[in-house]
>>> print(open('query-v2.txt').read())   # compact mmCIF, C-alpha atoms
# COMPACT_ATOMS: atom_id res chain seq x y z
CA MET A 1 46.26 -52.90 65.64
CA LEU A 2 49.38 -54.05 63.78
CA ALA A 3 51.33 -57.09 64.94
CA VAL A 4 54.86 -55.85 65.65
CA SER A 5 58.27 -57.42 66.10
CA TRP A 6 61.57 -55.69 66.88
CA ASN A 7 64.75 -56.06 64.82
CA THR A 8 68.00 -54.87 66.37
CA ILE A 9 69.85 -52.67 63.89
CA ASN A 10 73.06 -50.86 64.81
CA GLY A 11 72.44 -51.81 68.43
CA THR A 12 68.92 -50.32 68.59
CA PRO A 13 65.65 -52.27 68.48
CA VAL A 14 63.57 -51.04 65.51
CA ARG A 15 59.79 -51.39 65.37
CA THR A 16 58.94 -53.74 62.48
CA PRO A 17 55.22 -54.33 61.86
CA ALA A 18 53.91 -57.42 60.10
CA GLY A 19 54.11 -56.96 56.34
CA THR A 20 57.38 -55.00 56.51
CA GLN A 21 61.10 -55.68 56.60
CA SER A 22 63.67 -53.49 58.34
CA TYR A 23 67.41 -53.69 57.85
CA GLY A 24 70.55 -51.60 57.87
CA GLN A 25 72.72 -50.99 54.83
CA THR A 26 75.91 -49.09 54.07
CA LEU A 27 76.89 -47.00 51.09
CA THR A 28 80.37 -45.71 50.27
CA VAL A 29 80.55 -42.38 48.44
CA ASN A 30 83.90 -40.73 47.69
CA GLY A 31 85.66 -43.06 50.12
CA GLN A 32 83.29 -42.37 53.01
CA THR A 33 81.06 -45.22 54.23
CA ARG A 34 77.75 -44.24 55.79
CA HIS A 35 74.80 -46.26 56.93
CA TYR A 36 71.08 -46.04 56.43
CA LEU A 37 68.00 -47.83 57.65
CA VAL A 38 65.44 -49.31 55.25
CA ILE A 39 61.87 -50.16 56.20
CA ARG A 40 59.97 -51.53 53.24
CA PRO A 41 56.85 -53.52 52.45
CA ASP A 42 57.15 -57.31 52.36
CA PRO A 43 56.36 -58.65 49.87
CA LEU A 44 58.06 -55.96 47.84
CA PRO A 45 55.70 -54.15 45.44
CA ALA A 46 56.91 -53.12 41.99
CA SER A 47 57.80 -49.43 41.61
CA ALA A 48 56.91 -48.39 45.15
CA PRO A 49 57.31 -44.77 46.28
CA ALA A 50 59.94 -43.89 48.89
CA LEU A 51 60.28 -41.42 51.73
CA LEU A 52 63.77 -40.33 52.77
CA LEU A 53 63.44 -39.24 56.39
CA LEU A 54 66.37 -37.29 57.89
CA HIS A 55 66.92 -37.66 61.62
CA PRO A 56 67.27 -34.77 64.11
CA LEU A 57 70.59 -33.46 65.40
CA ASN A 58 72.63 -36.01 67.36
CA THR A 59 70.18 -38.88 67.08
CA SER A 60 70.01 -41.86 64.74
CA PRO A 61 67.90 -43.29 61.92
CA GLU A 62 66.83 -46.13 64.20
CA LEU A 63 65.57 -43.90 67.01
CA THR A 64 63.84 -41.63 64.48
CA ALA A 65 62.05 -44.61 62.93
CA ASN A 66 60.76 -45.57 66.37
CA PHE A 67 59.54 -42.19 67.61
CA THR A 68 57.86 -41.30 64.29
CA TYR A 69 56.19 -44.73 63.91
CA VAL A 70 57.08 -44.52 60.22
CA ALA A 71 57.09 -48.33 59.95
CA ASP A 72 53.35 -48.38 60.68
CA PHE A 73 52.78 -46.11 57.69
CA VAL A 74 54.99 -48.35 55.53
CA ALA A 75 52.83 -51.31 56.57
CA THR A 76 49.55 -49.59 55.74
CA GLN A 77 50.55 -47.36 52.80
CA GLY A 78 53.08 -49.51 50.89
CA PHE A 79 56.04 -47.14 50.49
CA TRP A 80 59.71 -47.53 51.42
CA ALA A 81 61.00 -45.49 54.36
CA VAL A 82 64.72 -44.87 54.12
CA LEU A 83 66.47 -43.14 57.00
CA PRO A 84 70.07 -42.17 56.23
CA ALA A 85 72.61 -41.30 58.93
CA ALA A 86 74.24 -37.88 59.02
CA GLU A 87 78.00 -37.72 59.36
CA GLY A 88 78.81 -36.95 62.99
CA GLY A 89 75.10 -36.73 63.85
CA ALA A 90 74.50 -33.41 62.05
CA TRP A 91 73.29 -32.65 58.53
CA LYS A 92 75.30 -30.06 56.62
CA GLY A 93 72.98 -27.64 54.86
CA GLU A 94 74.84 -24.34 54.68
CA ALA A 95 76.47 -23.13 51.47
CA THR A 96 79.85 -23.11 53.23
CA ASP A 97 79.52 -26.77 54.29
CA SER A 98 80.94 -29.73 52.44
CA ASP A 99 78.63 -31.21 49.83
CA ALA A 100 79.18 -34.72 51.26
CA ASP A 101 75.54 -34.98 52.36
CA LYS A 102 74.29 -33.99 48.92
CA ARG A 103 76.55 -36.57 47.25
CA PHE A 104 75.50 -39.24 49.75
CA LEU A 105 71.77 -38.57 49.31
CA THR A 106 72.12 -38.49 45.52
CA ALA A 107 73.94 -41.85 45.52
CA LEU A 108 71.39 -43.26 47.96
CA ILE A 109 68.51 -42.29 45.67
CA GLU A 110 70.30 -43.89 42.71
CA THR A 111 70.78 -47.06 44.77
CA LEU A 112 67.12 -47.17 45.76
CA VAL A 113 65.94 -46.71 42.19
CA ALA A 114 68.20 -49.58 41.12
CA GLN A 115 66.46 -51.70 43.80
CA GLY A 116 62.98 -50.94 42.45
CA VAL A 117 61.87 -47.65 44.00
CA ASP A 118 59.89 -45.45 41.59
CA ALA A 119 62.23 -42.58 40.63
CA GLU A 120 59.25 -40.28 40.07
CA ARG A 121 57.84 -40.80 43.58
CA ILE A 122 60.63 -40.07 46.05
CA SER A 123 60.00 -37.56 48.82
CA LEU A 124 62.43 -36.06 51.33
CA SER A 125 61.48 -34.97 54.80
CA GLY A 126 63.27 -34.24 58.03
CA TYR A 127 62.61 -33.97 61.72
CA SER A 128 63.94 -30.92 63.57
CA SER A 129 67.37 -30.20 62.03
CA GLY A 130 66.99 -33.13 59.64
>>> encode(input="query-v2.txt", output="structure tokens")
Amino acid sequence: MLAVSWNTINGTPVRTPAGTQSYGQTLTVNGQTRHYLVIRPDPLPASAPALLLLHPLNTSPELTANFTYVADFVATQGFWAVLPAAEGGAWKGEATDSDADKRFLTALIETLVAQGVDAERISLSGYSSG
């Protein structure tokens, strides 16, 4: 059983097991500021893999982190979990949609690599419409 504490991020308590850190960050891309949640091992390993986990429609990165228990996997498997927030609560995936999500995710990956994530070991997953 993992020892767990709770960090409040964007008004929501986030499950944070021992051996991890959780925190919110923002990133501005093309004049639009968006937030994301990071759950990473502590201490920080060199060149760790990362999982980008997209939240379901009209929910948040913080709630998604809690109901998936992704922080427990971070604690036991040593990867970063990064949960970005969709603009207006919905990801845009159709060809007719703006490419703002694609630009945001691309910039987010570049930011994570600059912080030490292994560029060759980044995975993307989503829950429901994520």
>>> atom_distance(input="query-v2.txt", atom1="atom CA of Gly31 of chain A", atom2="atom CA of Ala90 of chain A")
19.0 Å
>>> atom_distance(input="query-v2.txt", atom1="atom CA of Asp101 of chain A", atom2="atom CA of Val74 of chain A")
24.7 Å
>>> closest_residue(input="query-v2.txt", among="A:Ser129, A:Ser47, A:Thr76, A:Thr111", to="Gly19 of chain A", atoms="all atoms listed in the file")
A:Thr76
>>> residues_around(input="query-v2.txt", residues="segment 61-64 of chain A", least_positions_apart="2", cutoff="8 Å", atoms="only C-alpha atoms", output="PyMOL selection string")
chain A and resi 9-10+12-14+36-37+54-56+59+66-68+83-85
>>> write_last_selection(input="query-v2.txt", atoms="C-alpha atoms", output="short mmCIF file (atom, residue, chain, number, x, y, z; two decimals), in the frame of the given file")
data_model
loop_
_atom_site.label_atom_id
_atom_site.label_comp_id
_atom_site.auth_asym_id
_atom_site.auth_seq_id
_atom_site.Cartn_x
_atom_site.Cartn_y
_atom_site.Cartn_z
CA ILE A 9 69.85 -52.67 63.89
CA ASN A 10 73.06 -50.86 64.81
CA THR A 12 68.92 -50.32 68.59
CA PRO A 13 65.65 -52.27 68.48
CA VAL A 14 63.57 -51.04 65.51
CA TYR A 36 71.08 -46.04 56.43
CA LEU A 37 68.00 -47.83 57.65
CA LEU A 54 66.37 -37.29 57.89
CA HIS A 55 66.92 -37.66 61.62
CA PRO A 56 67.27 -34.77 64.11
CA THR A 59 70.18 -38.88 67.08
CA ASN A 66 60.76 -45.57 66.37
CA PHE A 67 59.54 -42.19 67.61
CA THR A 68 57.86 -41.30 64.29
CA LEU A 83 66.47 -43.14 57.00
CA PRO A 84 70.07 -42.17 56.23
CA ALA A 85 72.61 -41.30 58.93
#
>>> closest_residue(input="query-v2.txt", among="A:Thr16, A:Arg34, A:Asp118, A:Leu2", to="Ala46 of chain A", atoms="all atoms listed in the file")
A:Asp118
>>> residues_around(input="query-v2.txt", residues="Leu53 of chain A", least_positions_apart="5", cutoff="8 Å", atoms="all atoms listed in the file", output="compact mmCIF listing (two decimals) with C-alpha atoms, keeping the file's coordinate frame")
# COMPACT_ATOMS: atom_id res chain seq x y z
CA ALA A 81 61.00 -45.49 54.36
CA VAL A 82 64.72 -44.87 54.12
CA LEU A 83 66.47 -43.14 57.00
CA PRO A 84 70.07 -42.17 56.23
CA LEU A 124 62.43 -36.06 51.33
CA SER A 125 61.48 -34.97 54.80
CA GLY A 126 63.27 -34.24 58.03
CA TYR A 127 62.61 -33.97 61.72
CA GLY A 130 66.99 -33.13 59.64
>>> axis_aligned_box(input="query-v2.txt", around="segment 48-66 of chain A", padding_each_side="5 Å", output="AutoDock Vina command-line options")
--center_x 64.8 --center_y -40.9 --center_z 56.3 --size_x 25.7 --size_y 24.9 --size_z 32.2
>>> atom_distance(input="query-v2.txt", atom1="atom CA of Ala86 of chain A", atom2="atom CA of Ala100 of chain A")
9.7 Å
>>> closest_residue(input="query-v2.txt", among="A:Lys92, A:Lys102, A:Arg40, A:Arg121", to="Gln21 of chain A", atoms="only C-alpha atoms")
A:Arg40
>>> closest_residue(input="query-v2.txt", among="A:Ala48, A:Thr26, A:Thr20, A:Asn7", to="Gln115 of chain A", atoms="all atoms listed in the file")
A:Ala48
>>> closest_residue(input="query-v2.txt", among="A:Ala71, A:Ile122, A:Ile109, A:Leu57", to="Tyr23 of chain A", atoms="all atoms listed in the file")
A:Ala71
